[in-house]
file coords_30.txt (compact mmCIF, N, CA and C atoms and all ligand atoms)
# COMPACT_ATOMS: atom_id res chain seq x y z
N MET I 113 234.38 149.10 80.55
CA MET I 113 234.13 150.43 79.99
C MET I 113 234.66 151.50 80.94
N THR I 114 235.16 152.57 80.36
CA THR I 114 235.54 153.74 81.15
C THR I 114 235.26 154.99 80.32
N HIS I 115 235.37 156.12 80.95
CA HIS I 115 235.29 157.38 80.24
C HIS I 115 236.67 158.04 80.26
N VAL I 116 236.93 158.84 79.23
CA VAL I 116 238.28 159.31 78.98
C VAL I 116 238.25 160.81 78.62
N VAL I 117 239.16 161.56 79.23
CA VAL I 117 239.33 162.97 78.84
C VAL I 117 240.35 163.03 77.71
N THR I 118 240.06 163.83 76.70
CA THR I 118 240.91 163.85 75.51
C THR I 118 241.45 165.26 75.21
N ASP I 119 242.08 165.36 74.05
CA ASP I 119 242.85 166.55 73.65
C ASP I 119 242.15 167.90 73.85
N PRO I 120 240.86 168.05 73.61
CA PRO I 120 240.27 169.39 73.75
C PRO I 120 240.40 169.98 75.15
N CYS I 121 240.63 169.16 76.17
CA CYS I 121 240.81 169.67 77.53
C CYS I 121 242.16 170.36 77.71
N ILE I 122 243.15 169.97 76.91
CA ILE I 122 244.51 170.47 77.12
C ILE I 122 244.55 171.99 76.97
N LYS I 123 245.16 172.61 77.96
CA LYS I 123 245.35 174.06 78.04
C LYS I 123 244.05 174.85 78.19
N CYS I 124 242.93 174.15 78.30
CA CYS I 124 241.65 174.82 78.58
C CYS I 124 241.23 174.55 80.03
N LYS I 125 241.17 173.26 80.39
CA LYS I 125 240.86 172.86 81.77
C LYS I 125 239.56 173.48 82.30
N TYR I 126 238.52 173.37 81.49
CA TYR I 126 237.21 173.69 82.04
C TYR I 126 236.87 172.56 83.02
N THR I 127 236.38 172.89 84.18
CA THR I 127 236.16 171.86 85.20
C THR I 127 234.69 171.71 85.57
N ASP I 128 233.81 172.12 84.69
CA ASP I 128 232.37 171.96 84.93
C ASP I 128 232.02 170.50 85.19
N CYS I 129 232.73 169.60 84.50
CA CYS I 129 232.49 168.16 84.61
C CYS I 129 232.77 167.65 86.02
N VAL I 130 233.74 168.26 86.67
CA VAL I 130 234.17 167.80 87.99
C VAL I 130 233.03 167.91 89.00
N ASP I 131 232.30 169.00 88.91
CA ASP I 131 231.24 169.25 89.88
C ASP I 131 230.12 168.20 89.84
N VAL I 132 229.90 167.57 88.71
CA VAL I 132 228.78 166.64 88.59
C VAL I 132 229.18 165.18 88.82
N CYS I 133 230.47 164.90 88.87
CA CYS I 133 230.90 163.51 89.02
C CYS I 133 230.55 163.01 90.43
N PRO I 134 229.77 161.94 90.54
CA PRO I 134 229.34 161.48 91.86
C PRO I 134 230.41 160.73 92.63
N VAL I 135 231.52 160.38 91.99
CA VAL I 135 232.53 159.55 92.67
C VAL I 135 233.93 160.18 92.67
N ASP I 136 234.01 161.46 92.32
CA ASP I 136 235.29 162.18 92.37
C ASP I 136 236.42 161.43 91.67
N CYS I 137 236.20 161.06 90.43
CA CYS I 137 237.25 160.30 89.75
C CYS I 137 238.07 161.14 88.77
N PHE I 138 237.88 162.47 88.79
CA PHE I 138 238.75 163.32 87.96
C PHE I 138 240.07 163.56 88.69
N ARG I 139 241.14 163.61 87.91
CA ARG I 139 242.47 163.94 88.42
C ARG I 139 242.97 165.15 87.64
N GLU I 140 243.74 166.00 88.33
CA GLU I 140 244.18 167.25 87.72
C GLU I 140 245.68 167.26 87.50
N GLY I 141 246.07 167.51 86.26
CA GLY I 141 247.47 167.72 85.93
C GLY I 141 247.70 169.18 85.60
N PRO I 142 248.93 169.54 85.28
CA PRO I 142 249.22 170.95 85.04
C PRO I 142 248.54 171.52 83.80
N GLU I 143 248.25 170.69 82.82
CA GLU I 143 247.69 171.21 81.57
C GLU I 143 246.31 170.66 81.22
N PHE I 144 245.88 169.57 81.86
CA PHE I 144 244.56 169.01 81.56
C PHE I 144 244.13 168.06 82.67
N LEU I 145 242.87 167.65 82.58
CA LEU I 145 242.32 166.69 83.53
C LEU I 145 242.32 165.31 82.90
N ILE I 146 242.22 164.29 83.75
CA ILE I 146 241.98 162.95 83.26
C ILE I 146 240.98 162.27 84.20
N ILE I 147 240.51 161.11 83.79
CA ILE I 147 239.56 160.32 84.60
C ILE I 147 240.26 159.04 85.04
N ASP I 148 240.14 158.72 86.30
CA ASP I 148 240.70 157.47 86.82
C ASP I 148 239.76 156.33 86.44
N PRO I 149 240.21 155.44 85.57
CA PRO I 149 239.31 154.37 85.11
C PRO I 149 238.95 153.38 86.21
N GLY I 150 239.73 153.37 87.27
CA GLY I 150 239.43 152.47 88.37
C GLY I 150 238.37 153.00 89.32
N GLU I 151 238.06 154.27 89.20
CA GLU I 151 237.12 154.89 90.12
C GLU I 151 235.78 155.21 89.47
N GLY I 152 235.77 155.41 88.16
CA GLY I 152 234.55 155.85 87.47
C GLY I 152 233.46 154.79 87.50
N ILE I 153 232.22 155.24 87.43
CA ILE I 153 231.08 154.33 87.39
C ILE I 153 230.32 154.45 86.07
N ASP I 154 230.94 155.17 85.12
CA ASP I 154 230.41 155.25 83.76
C ASP I 154 228.98 155.75 83.68
N CYS I 155 228.69 156.73 84.51
CA CYS I 155 227.32 157.29 84.51
C CYS I 155 227.10 158.24 83.36
N ALA I 156 228.18 158.81 82.80
CA ALA I 156 228.13 159.70 81.63
C ALA I 156 227.55 161.08 81.91
N VAL I 157 227.28 161.42 83.15
CA VAL I 157 226.70 162.74 83.40
C VAL I 157 227.69 163.87 83.12
N CYS I 158 228.98 163.57 83.11
CA CYS I 158 229.98 164.61 82.86
C CYS I 158 230.04 165.02 81.39
N ILE I 159 229.65 164.15 80.49
CA ILE I 159 229.87 164.40 79.06
C ILE I 159 229.20 165.70 78.59
N PRO I 160 227.94 165.93 78.88
CA PRO I 160 227.34 167.19 78.39
C PRO I 160 227.77 168.42 79.16
N GLU I 161 228.42 168.23 80.31
CA GLU I 161 228.83 169.39 81.12
C GLU I 161 230.08 170.06 80.57
N TYR I 162 230.90 169.27 79.90
CA TYR I 162 232.18 169.83 79.47
C TYR I 162 231.98 170.65 78.21
N PRO I 163 232.33 171.95 78.23
CA PRO I 163 231.93 172.83 77.13
C PRO I 163 232.69 172.63 75.82
N VAL I 164 233.75 171.84 75.83
CA VAL I 164 234.51 171.68 74.58
C VAL I 164 234.56 170.23 74.10
N ASN I 165 233.60 169.41 74.54
CA ASN I 165 233.47 168.06 73.98
C ASN I 165 234.77 167.26 74.11
N ALA I 166 235.25 167.15 75.32
CA ALA I 166 236.54 166.48 75.54
C ALA I 166 236.39 165.08 76.12
N ILE I 167 235.19 164.69 76.59
CA ILE I 167 235.04 163.42 77.30
C ILE I 167 234.26 162.43 76.44
N TYR I 168 234.81 161.23 76.36
CA TYR I 168 234.18 160.16 75.56
C TYR I 168 234.16 158.86 76.36
N ALA I 169 233.14 158.05 76.12
CA ALA I 169 233.20 156.66 76.54
C ALA I 169 234.30 155.99 75.72
N ASP I 170 234.99 155.02 76.32
CA ASP I 170 236.14 154.43 75.61
C ASP I 170 235.75 153.86 74.24
N ALA I 171 234.56 153.32 74.12
CA ALA I 171 234.13 152.75 72.84
C ALA I 171 233.87 153.81 71.78
N ASP I 172 233.77 155.06 72.19
CA ASP I 172 233.43 156.14 71.26
C ASP I 172 234.58 157.11 71.00
N ILE I 173 235.77 156.79 71.50
CA ILE I 173 236.89 157.74 71.33
C ILE I 173 237.24 157.87 69.85
N PRO I 174 237.27 159.09 69.32
CA PRO I 174 237.73 159.25 67.94
C PRO I 174 239.16 158.75 67.79
N GLY I 175 239.48 158.21 66.63
CA GLY I 175 240.79 157.60 66.41
C GLY I 175 241.96 158.51 66.77
N GLU I 176 241.82 159.80 66.47
CA GLU I 176 242.95 160.70 66.73
C GLU I 176 243.20 160.90 68.22
N PHE I 177 242.26 160.47 69.05
CA PHE I 177 242.44 160.61 70.50
C PHE I 177 242.71 159.28 71.18
N SER I 178 243.03 158.24 70.44
CA SER I 178 243.14 156.91 71.02
C SER I 178 244.23 156.83 72.09
N ALA I 179 245.28 157.64 71.98
CA ALA I 179 246.37 157.60 72.98
C ALA I 179 245.88 158.00 74.36
N PHE I 180 244.75 158.71 74.42
CA PHE I 180 244.28 159.19 75.71
C PHE I 180 243.72 158.08 76.60
N LEU I 181 243.37 156.97 76.03
CA LEU I 181 242.89 155.86 76.86
C LEU I 181 244.00 155.42 77.81
N GLY I 182 245.18 155.19 77.28
CA GLY I 182 246.31 154.79 78.11
C GLY I 182 246.79 155.93 78.99
N LEU I 183 246.77 157.14 78.47
CA LEU I 183 247.23 158.29 79.27
C LEU I 183 246.36 158.50 80.49
N ASN I 184 245.03 158.42 80.32
CA ASN I 184 244.15 158.58 81.48
C ASN I 184 244.46 157.52 82.53
N ALA I 185 244.65 156.29 82.10
CA ALA I 185 244.91 155.21 83.05
C ALA I 185 246.23 155.44 83.78
N ARG I 186 247.26 155.79 83.03
CA ARG I 186 248.60 155.93 83.64
C ARG I 186 248.68 157.17 84.53
N LEU I 187 248.21 158.30 84.03
CA LEU I 187 248.34 159.54 84.79
C LEU I 187 247.43 159.56 86.02
N SER I 188 246.39 158.75 86.00
CA SER I 188 245.50 158.72 87.17
C SER I 188 246.21 158.19 88.40
N ARG I 189 247.32 157.50 88.19
CA ARG I 189 248.10 157.00 89.33
C ARG I 189 249.10 158.04 89.83
N GLN I 190 249.21 159.16 89.11
CA GLN I 190 250.21 160.17 89.47
C GLN I 190 249.59 161.51 89.86
N TRP I 191 248.48 161.84 89.29
CA TRP I 191 247.91 163.18 89.48
C TRP I 191 246.88 163.16 90.62
N PRO I 192 246.73 164.30 91.33
CA PRO I 192 245.81 164.36 92.46
C PRO I 192 244.35 164.51 92.04
N THR I 193 243.50 164.13 92.95
CA THR I 193 242.05 164.27 92.73
C THR I 193 241.65 165.74 92.69
N ILE I 194 240.74 166.06 91.80
CA ILE I 194 240.08 167.36 91.82
C ILE I 194 238.59 167.08 91.97
N SER I 195 237.97 167.66 92.97
CA SER I 195 236.58 167.32 93.25
C SER I 195 235.64 168.52 93.20
N ARG I 196 236.19 169.71 92.92
CA ARG I 196 235.34 170.89 92.81
C ARG I 196 235.75 171.71 91.59
N ARG I 197 234.78 172.35 91.02
CA ARG I 197 235.06 173.21 89.87
C ARG I 197 235.96 174.37 90.29
N VAL I 198 236.92 174.68 89.43
CA VAL I 198 237.78 175.84 89.63
C VAL I 198 237.77 176.65 88.33
N ALA I 199 238.39 177.80 88.35
CA ALA I 199 238.44 178.63 87.14
C ALA I 199 239.20 177.89 86.04
N PRO I 200 238.78 178.04 84.79
CA PRO I 200 239.52 177.40 83.71
C PRO I 200 240.90 178.03 83.56
N SER I 201 241.70 177.43 82.71
CA SER I 201 243.01 178.00 82.41
C SER I 201 242.85 179.44 81.93
N PRO I 202 243.73 180.34 82.33
CA PRO I 202 243.66 181.71 81.82
C PRO I 202 243.80 181.78 80.31
N GLU I 203 244.38 180.72 79.72
CA GLU I 203 244.58 180.69 78.26
C GLU I 203 243.47 179.93 77.55
N ALA I 204 242.40 179.58 78.25
CA ALA I 204 241.39 178.69 77.66
C ALA I 204 240.82 179.23 76.35
N ALA I 205 240.46 180.49 76.32
CA ALA I 205 239.83 181.02 75.11
C ALA I 205 240.80 180.96 73.93
N GLN I 206 242.07 181.16 74.21
CA GLN I 206 243.09 181.14 73.16
C GLN I 206 243.28 179.73 72.57
N TRP I 207 243.13 178.71 73.42
CA TRP I 207 243.42 177.33 72.99
C TRP I 207 242.17 176.55 72.59
N GLN I 208 241.01 177.01 72.98
CA GLN I 208 239.77 176.27 72.70
C GLN I 208 239.61 176.06 71.19
N GLY I 209 239.36 174.82 70.82
CA GLY I 209 239.13 174.50 69.41
C GLY I 209 240.38 174.19 68.63
N LYS I 210 241.55 174.39 69.22
CA LYS I 210 242.80 174.04 68.51
C LYS I 210 242.98 172.53 68.53
N ALA I 211 243.53 171.99 67.46
CA ALA I 211 243.71 170.54 67.34
C ALA I 211 245.15 170.16 67.69
N GLY I 212 245.32 168.91 68.09
CA GLY I 212 246.66 168.36 68.28
C GLY I 212 247.45 168.97 69.41
N LYS I 213 246.80 169.33 70.48
CA LYS I 213 247.50 170.00 71.57
C LYS I 213 248.43 169.06 72.33
N LEU I 214 248.12 167.77 72.33
CA LEU I 214 248.96 166.81 73.05
C LEU I 214 250.40 166.86 72.54
N SER I 215 250.58 166.97 71.24
CA SER I 215 251.94 166.93 70.67
C SER I 215 252.75 168.17 71.04
N GLY I 216 252.10 169.22 71.50
CA GLY I 216 252.82 170.42 71.88
C GLY I 216 253.18 170.50 73.35
N LEU I 217 252.79 169.49 74.11
CA LEU I 217 253.08 169.51 75.55
C LEU I 217 254.53 169.12 75.83
N ASP I 218 255.04 169.60 76.95
CA ASP I 218 256.35 169.18 77.42
C ASP I 218 256.29 167.67 77.71
N PRO I 219 257.11 166.86 77.05
CA PRO I 219 257.07 165.40 77.27
C PRO I 219 257.26 165.02 78.74
N ALA I 220 257.96 165.86 79.49
CA ALA I 220 258.20 165.54 80.90
C ALA I 220 256.89 165.46 81.68
N LEU I 221 255.87 166.16 81.23
CA LEU I 221 254.58 166.12 81.91
C LEU I 221 253.91 164.76 81.77
N LEU I 222 254.28 164.04 80.74
CA LEU I 222 253.60 162.78 80.42
C LEU I 222 254.48 161.57 80.68
N ALA I 223 255.73 161.80 81.07
CA ALA I 223 256.66 160.69 81.24
C ALA I 223 256.30 159.89 82.49
N PRO I 224 256.48 158.58 82.42
CA PRO I 224 256.28 157.78 83.63
C PRO I 224 257.29 158.18 84.69
N PRO I 225 256.94 158.08 85.96
CA PRO I 225 257.91 158.41 87.00
C PRO I 225 259.11 157.48 86.94
N THR I 226 260.28 158.01 87.28
CA THR I 226 261.49 157.17 87.22
C THR I 226 261.92 156.78 88.64
S1 LIG Z 1 231.25 159.08 83.60
FE1 LIG Z 1 230.36 159.53 85.66
S2 LIG Z 1 231.79 158.53 87.07
FE2 LIG Z 1 232.88 158.72 85.10
S3 LIG Z 1 233.98 160.70 85.19
FE3 LIG Z 1 232.00 161.12 84.24
S4 LIG Z 1 230.70 161.76 85.96
FE4 LIG Z 1 232.47 160.69 86.88

call {"tool": "encode", "arguments": {"input": "coords_30.txt", "output": "structure tokens"}}
result
Amino acid sequence: MTHVVTDPCIKCKYTDCVDVCPVDCFREGPEFLIIDPGEGIDCAVCIPEYPVNAIYADADIPGEFSAFLGLNARLSRQWPTISRRVAPSPEAAQWQGKAGKLSGLDPALLAPPT
């Protein structure tokens, strides 16, 4: 089991969840956060902290967010740790609640390193 950050985090980057994680397993990318599945202890304390309902246990991921299971695992090997809450994206209010944000990202942000 692991926990996974999904589409609602994109372009919002609320980091309330980061402050409560006891093992610092969040990683920060330019447009969203992810969880390192190798570091998490599945305590679930981050789920109610995130204001836009972006974090799910892997068994509970809605179908439209299924790609995020692999993305969290892969990007966790590339993105740095974030261990303290920071200000959300300046565009958070504009993007909060929008659907399908993953498809609008620059593919280079998600490409495996070459
Ligand atoms: S489930 Fe627990 S260990 Fe995993 S990211 Fe959330 S707070 Fe951290």

call {"tool": "residues_near_ligand", "arguments": {"input": "coords_30.txt", "ligand": "ligand LIG 1 (chain Z)", "cutoff": "6 Å", "atoms": "all atoms listed in the file", "output": "NGL selection string"}}
result
:I and (115 or 132-138 or 147 or 151-159)

call {"tool": "residues_around", "arguments": {"input": "coords_30.txt", "residues": "region 198-200 of chain I", "least_positions_apart": "5", "cutoff": "8 Å", "atoms": "all atoms listed in the file", "output": "PDB file with N, CA and C atoms, in the frame of the given file"}}
result
ATOM      1  N   LYS I 123     245.160 172.610  77.960  1.00  0.00           N
ATOM      2  CA  LYS I 123     245.350 174.060  78.040  1.00  0.00           C
ATOM      3  C   LYS I 123     244.050 174.850  78.190  1.00  0.00           C
ATOM      4  N   CYS I 124     242.930 174.150  78.300  1.00  0.00           N
ATOM      5  CA  CYS I 124     241.650 174.820  78.580  1.00  0.00           C
ATOM      6  C   CYS I 124     241.230 174.550  80.030  1.00  0.00           C
ATOM      7  N   LYS I 125     241.170 173.260  80.390  1.00  0.00           N
ATOM      8  CA  LYS I 125     240.860 172.860  81.770  1.00  0.00           C
ATOM      9  C   LYS I 125     239.560 173.480  82.300  1.00  0.00           C
ATOM     10  N   TYR I 126     238.520 173.370  81.490  1.00  0.00           N
ATOM     11  CA  TYR I 126     237.210 173.690  82.040  1.00  0.00           C
ATOM     12  C   TYR I 126     236.870 172.560  83.020  1.00  0.00           C
ATOM     13  N   THR I 127     236.380 172.890  84.180  1.00  0.00           N
ATOM     14  CA  THR I 127     236.160 171.860  85.200  1.00  0.00           C
ATOM     15  C   THR I 127     234.690 171.710  85.570  1.00  0.00           C
ATOM     16  N   ASP I 128     233.810 172.120  84.690  1.00  0.00           N
ATOM     17  CA  ASP I 128     232.370 171.960  84.930  1.00  0.00           C
ATOM     18  C   ASP I 128     232.020 170.500  85.190  1.00  0.00           C
ATOM     19  N   VAL I 130     233.740 168.260  86.670  1.00  0.00           N
ATOM     20  CA  VAL I 130     234.170 167.800  87.990  1.00  0.00           C
ATOM     21  C   VAL I 130     233.030 167.910  89.000  1.00  0.00           C
ATOM     22  N   ASP I 131     232.300 169.000  88.910  1.00  0.00           N
ATOM     23  CA  ASP I 131     231.240 169.250  89.880  1.00  0.00           C
ATOM     24  C   ASP I 131     230.120 168.200  89.840  1.00  0.00           C
ATOM     25  N   ALA I 205     240.460 180.490  76.320  1.00  0.00           N
ATOM     26  CA  ALA I 205     239.830 181.020  75.110  1.00  0.00           C
ATOM     27  C   ALA I 205     240.800 180.960  73.930  1.00  0.00           C
TER      28      ALA I 205
END

call {"tool": "residues_around", "arguments": {"input": "coords_30.txt", "residues": "region 207-212 of chain I", "least_positions_apart": "5", "cutoff": "8 Å", "atoms": "all atoms listed in the file", "output": "NGL selection string"}}
result
:I and (119-124 or 164 or 202 or 217)

call {"tool": "select_by_dssp", "arguments": {"input": "coords_30.txt", "residues": "chain I", "states": "strand (DSSP E or B)", "output": "PyMOL selection string"}}
result
chain I and resi 115-117+138-140+145-147+167-169+193

call {"tool": "write_last_selection", "arguments": {"input": "coords_30.txt", "atoms": "N, CA and C atoms", "output": "PDB file, in the coordinates of the input"}}
result
ATOM      1  N   HIS I 115     235.370 156.120  80.950  1.00  0.00           N
ATOM      2  CA  HIS I 115     235.290 157.380  80.240  1.00  0.00           C
ATOM      3  C   HIS I 115     236.670 158.040  80.260  1.00  0.00           C
ATOM      4  N   VAL I 116     236.930 158.840  79.230  1.00  0.00           N
ATOM      5  CA  VAL I 116     238.280 159.310  78.980  1.00  0.00           C
ATOM      6  C   VAL I 116     238.250 160.810  78.620  1.00  0.00           C
ATOM      7  N   VAL I 117     239.160 161.560  79.230  1.00  0.00           N
ATOM      8  CA  VAL I 117     239.330 162.970  78.840  1.00  0.00           C
ATOM      9  C   VAL I 117     240.350 163.030  77.710  1.00  0.00           C
ATOM     10  N   PHE I 138     237.880 162.470  88.790  1.00  0.00           N
ATOM     11  CA  PHE I 138     238.750 163.320  87.960  1.00  0.00           C
ATOM     12  C   PHE I 138     240.070 163.560  88.690  1.00  0.00           C
ATOM     13  N   ARG I 139     241.140 163.610  87.910  1.00  0.00           N
ATOM     14  CA  ARG I 139     242.470 163.940  88.420  1.00  0.00           C
ATOM     15  C   ARG I 139     242.970 165.150  87.640  1.00  0.00           C
ATOM     16  N   GLU I 140     243.740 166.000  88.330  1.00  0.00           N
ATOM     17  CA  GLU I 140     244.180 167.250  87.720  1.00  0.00           C
ATOM     18  C   GLU I 140     245.680 167.260  87.500  1.00  0.00           C
ATOM     19  N   LEU I 145     242.870 167.650  82.580  1.00  0.00           N
ATOM     20  CA  LEU I 145     242.320 166.690  83.530  1.00  0.00           C
ATOM     21  C   LEU I 145     242.320 165.310  82.900  1.00  0.00           C
ATOM     22  N   ILE I 146     242.220 164.290  83.750  1.00  0.00           N
ATOM     23  CA  ILE I 146     241.980 162.950  83.260  1.00  0.00           C
ATOM     24  C   ILE I 146     240.980 162.270  84.200  1.00  0.00           C
ATOM     25  N   ILE I 147     240.510 161.110  83.790  1.00  0.00           N
ATOM     26  CA  ILE I 147     239.560 160.320  84.600  1.00  0.00           C
ATOM     27  C   ILE I 147     240.260 159.040  85.040  1.00  0.00           C
ATOM     28  N   ILE I 167     235.190 164.690  76.590  1.00  0.00           N
ATOM     29  CA  ILE I 167     235.040 163.420  77.300  1.00  0.00           C
ATOM     30  C   ILE I 167     234.260 162.430  76.440  1.00  0.00           C
ATOM     31  N   TYR I 168     234.810 161.230  76.360  1.00  0.00           N
ATOM     32  CA  TYR I 168     234.180 160.160  75.560  1.00  0.00           C
ATOM     33  C   TYR I 168     234.160 158.860  76.360  1.00  0.00           C
ATOM     34  N   ALA I 169     233.140 158.050  76.120  1.00  0.00           N
ATOM     35  CA  ALA I 169     233.200 156.660  76.540  1.00  0.00           C
ATOM     36  C   ALA I 169     234.300 155.990  75.720  1.00  0.00           C
ATOM     37  N   THR I 193     243.500 164.130  92.950  1.00  0.00           N
ATOM     38  CA  THR I 193     242.050 164.270  92.730  1.00  0.00           C
ATOM     39  C   THR I 193     241.650 165.740  92.690  1.00  0.00           C
TER      40      THR I 193
END

call {"tool": "select_by_dssp", "arguments": {"input": "coords_30.txt", "residues": "chain I", "states": "alpha helix (DSSP H)", "output": "number ranges by chain"}}
result
I: 128-132, 179-187, 204-207

call {"tool": "atom_distance", "arguments": {"input": "coords_30.txt", "atom1": "CA of Tyr162 (chain I)", "atom2": "CA of Pro219 (chain I)"}}
result
25.4 Å

call {"tool": "atom_distance", "arguments": {"input": "coords_30.txt", "atom1": "CA of Met113 (chain I)", "atom2": "CA of Asp170 (chain I)"}}
result
6.3 Å

call {"tool": "atom_distance", "arguments": {"input": "coords_30.txt", "atom1": "CA of Leu214 (chain I)", "atom2": "CA of Gln190 (chain I)"}}
result
17.8 Å

call {"tool": "residues_near_point", "arguments": {"input": "coords_30.txt", "point": "(251.0, 157.0, 87.3)", "cutoff": "12 Å", "atoms": "only C-alpha atoms", "output": "list in words"}}
result
Arg139, Gly141, Ile146, Asp148, Gly182, Leu183, Asn184, Ala185, Arg186, Leu187, Ser188, Arg189, Gln190, Trp191, Pro192, Leu221, Leu222, Ala223, Pro224, Pro225 and Thr226 of chain I

call {"tool": "build_atoms", "arguments": {"input": "coords_30.txt", "residues": "region 191-198 of chain I", "atoms": "all heavy atoms", "output": "PDB file, in the frame of the given file"}}
result
ATOM      1  N   TRP I 191     248.480 161.840  89.290  1.00  0.00           N
ATOM      2  CA  TRP I 191     247.910 163.180  89.480  1.00  0.00           C
ATOM      3  C   TRP I 191     246.880 163.160  90.620  1.00  0.00           C
ATOM      4  O   TRP I 191     246.186 162.164  90.834  1.00  0.00           O
ATOM      5  CB  TRP I 191     247.272 163.678  88.194  1.00  0.00           C
ATOM      6  CG  TRP I 191     248.269 164.022  87.122  1.00  0.00           C
ATOM      7  CD1 TRP I 191     249.633 164.004  87.227  1.00  0.00           C
ATOM      8  CD2 TRP I 191     247.977 164.420  85.780  1.00  0.00           C
ATOM      9  NE1 TRP I 191     250.192 164.373  86.026  1.00  0.00           N
ATOM     10  CE2 TRP I 191     249.213 164.631  85.130  1.00  0.00           C
ATOM     11  CE3 TRP I 191     246.801 164.607  85.057  1.00  0.00           C
ATOM     12  CZ2 TRP I 191     249.303 165.039  83.803  1.00  0.00           C
ATOM     13  CZ3 TRP I 191     246.869 165.012  83.732  1.00  0.00           C
ATOM     14  CH2 TRP I 191     248.114 165.227  83.114  1.00  0.00           C
ATOM     15  N   PRO I 192     246.730 164.300  91.330  1.00  0.00           N
ATOM     16  CA  PRO I 192     245.810 164.360  92.460  1.00  0.00           C
ATOM     17  C   PRO I 192     244.350 164.510  92.040  1.00  0.00           C
ATOM     18  O   PRO I 192     244.040 164.985  90.943  1.00  0.00           O
ATOM     19  CB  PRO I 192     246.284 165.607  93.221  1.00  0.00           C
ATOM     20  CG  PRO I 192     246.888 166.472  92.163  1.00  0.00           C
ATOM     21  CD  PRO I 192     247.513 165.533  91.157  1.00  0.00           C
ATOM     22  N   THR I 193     243.500 164.130  92.950  1.00  0.00           N
ATOM     23  CA  THR I 193     242.050 164.270  92.730  1.00  0.00           C
ATOM     24  C   THR I 193     241.650 165.740  92.690  1.00  0.00           C
ATOM     25  O   THR I 193     242.163 166.553  93.470  1.00  0.00           O
ATOM     26  CB  THR I 193     241.294 163.576  93.888  1.00  0.00           C
ATOM     27  OG1 THR I 193     241.609 162.196  93.866  1.00  0.00           O
ATOM     28  CG2 THR I 193     239.785 163.765  93.749  1.00  0.00           C
ATOM     29  N   ILE I 194     240.740 166.060  91.800  1.00  0.00           N
ATOM     30  CA  ILE I 194     240.080 167.360  91.820  1.00  0.00           C
ATOM     31  C   ILE I 194     238.590 167.080  91.970  1.00  0.00           C
ATOM     32  O   ILE I 194     238.017 166.287  91.197  1.00  0.00           O
ATOM     33  CB  ILE I 194     240.397 168.214  90.565  1.00  0.00           C
ATOM     34  CG1 ILE I 194     239.591 169.520  90.594  1.00  0.00           C
ATOM     35  CG2 ILE I 194     240.208 167.451  89.271  1.00  0.00           C
ATOM     36  CD1 ILE I 194     239.987 170.522  89.514  1.00  0.00           C
ATOM     37  N   SER I 195     237.970 167.660  92.970  1.00  0.00           N
ATOM     38  CA  SER I 195     236.580 167.320  93.250  1.00  0.00           C
ATOM     39  C   SER I 195     235.640 168.520  93.200  1.00  0.00           C
ATOM     40  O   SER I 195     234.444 168.372  93.394  1.00  0.00           O
ATOM     41  CB  SER I 195     236.477 166.646  94.623  1.00  0.00           C
ATOM     42  OG  SER I 195     237.057 167.455  95.609  1.00  0.00           O
ATOM     43  N   ARG I 196     236.190 169.710  92.920  1.00  0.00           N
ATOM     44  CA  ARG I 196     235.340 170.890  92.810  1.00  0.00           C
ATOM     45  C   ARG I 196     235.750 171.710  91.590  1.00  0.00           C
ATOM     46  O   ARG I 196     236.933 171.768  91.252  1.00  0.00           O
ATOM     47  CB  ARG I 196     235.456 171.767  94.049  1.00  0.00           C
ATOM     48  CG  ARG I 196     235.149 171.018  95.324  1.00  0.00           C
ATOM     49  CD  ARG I 196     235.037 171.946  96.475  1.00  0.00           C
ATOM     50  NE  ARG I 196     233.729 172.588  96.447  1.00  0.00           N
ATOM     51  CZ  ARG I 196     233.125 173.074  97.521  1.00  0.00           C
ATOM     52  NH1 ARG I 196     233.721 173.029  98.681  1.00  0.00           N
ATOM     53  NH2 ARG I 196     231.947 173.628  97.431  1.00  0.00           N
ATOM     54  N   ARG I 197     234.780 172.350  91.020  1.00  0.00           N
ATOM     55  CA  ARG I 197     235.060 173.210  89.870  1.00  0.00           C
ATOM     56  C   ARG I 197     235.960 174.370  90.290  1.00  0.00           C
ATOM     57  O   ARG I 197     235.759 174.963  91.355  1.00  0.00           O
ATOM     58  CB  ARG I 197     233.755 173.736  89.272  1.00  0.00           C
ATOM     59  CG  ARG I 197     234.007 174.644  88.092  1.00  0.00           C
ATOM     60  CD  ARG I 197     232.763 174.918  87.317  1.00  0.00           C
ATOM     61  NE  ARG I 197     231.630 175.280  88.150  1.00  0.00           N
ATOM     62  CZ  ARG I 197     230.413 175.538  87.693  1.00  0.00           C
ATOM     63  NH1 ARG I 197     230.158 175.453  86.410  1.00  0.00           N
ATOM     64  NH2 ARG I 197     229.442 175.876  88.495  1.00  0.00           N
ATOM     65  N   VAL I 198     236.920 174.680  89.430  1.00  0.00           N
ATOM     66  CA  VAL I 198     237.780 175.840  89.630  1.00  0.00           C
ATOM     67  C   VAL I 198     237.770 176.650  88.330  1.00  0.00           C
ATOM     68  O   VAL I 198     237.214 176.210  87.315  1.00  0.00           O
ATOM     69  CB  VAL I 198     239.222 175.429  90.012  1.00  0.00           C
ATOM     70  CG1 VAL I 198     239.247 174.689  91.349  1.00  0.00           C
ATOM     71  CG2 VAL I 198     239.848 174.578  88.919  1.00  0.00           C
TER      72      VAL I 198
END
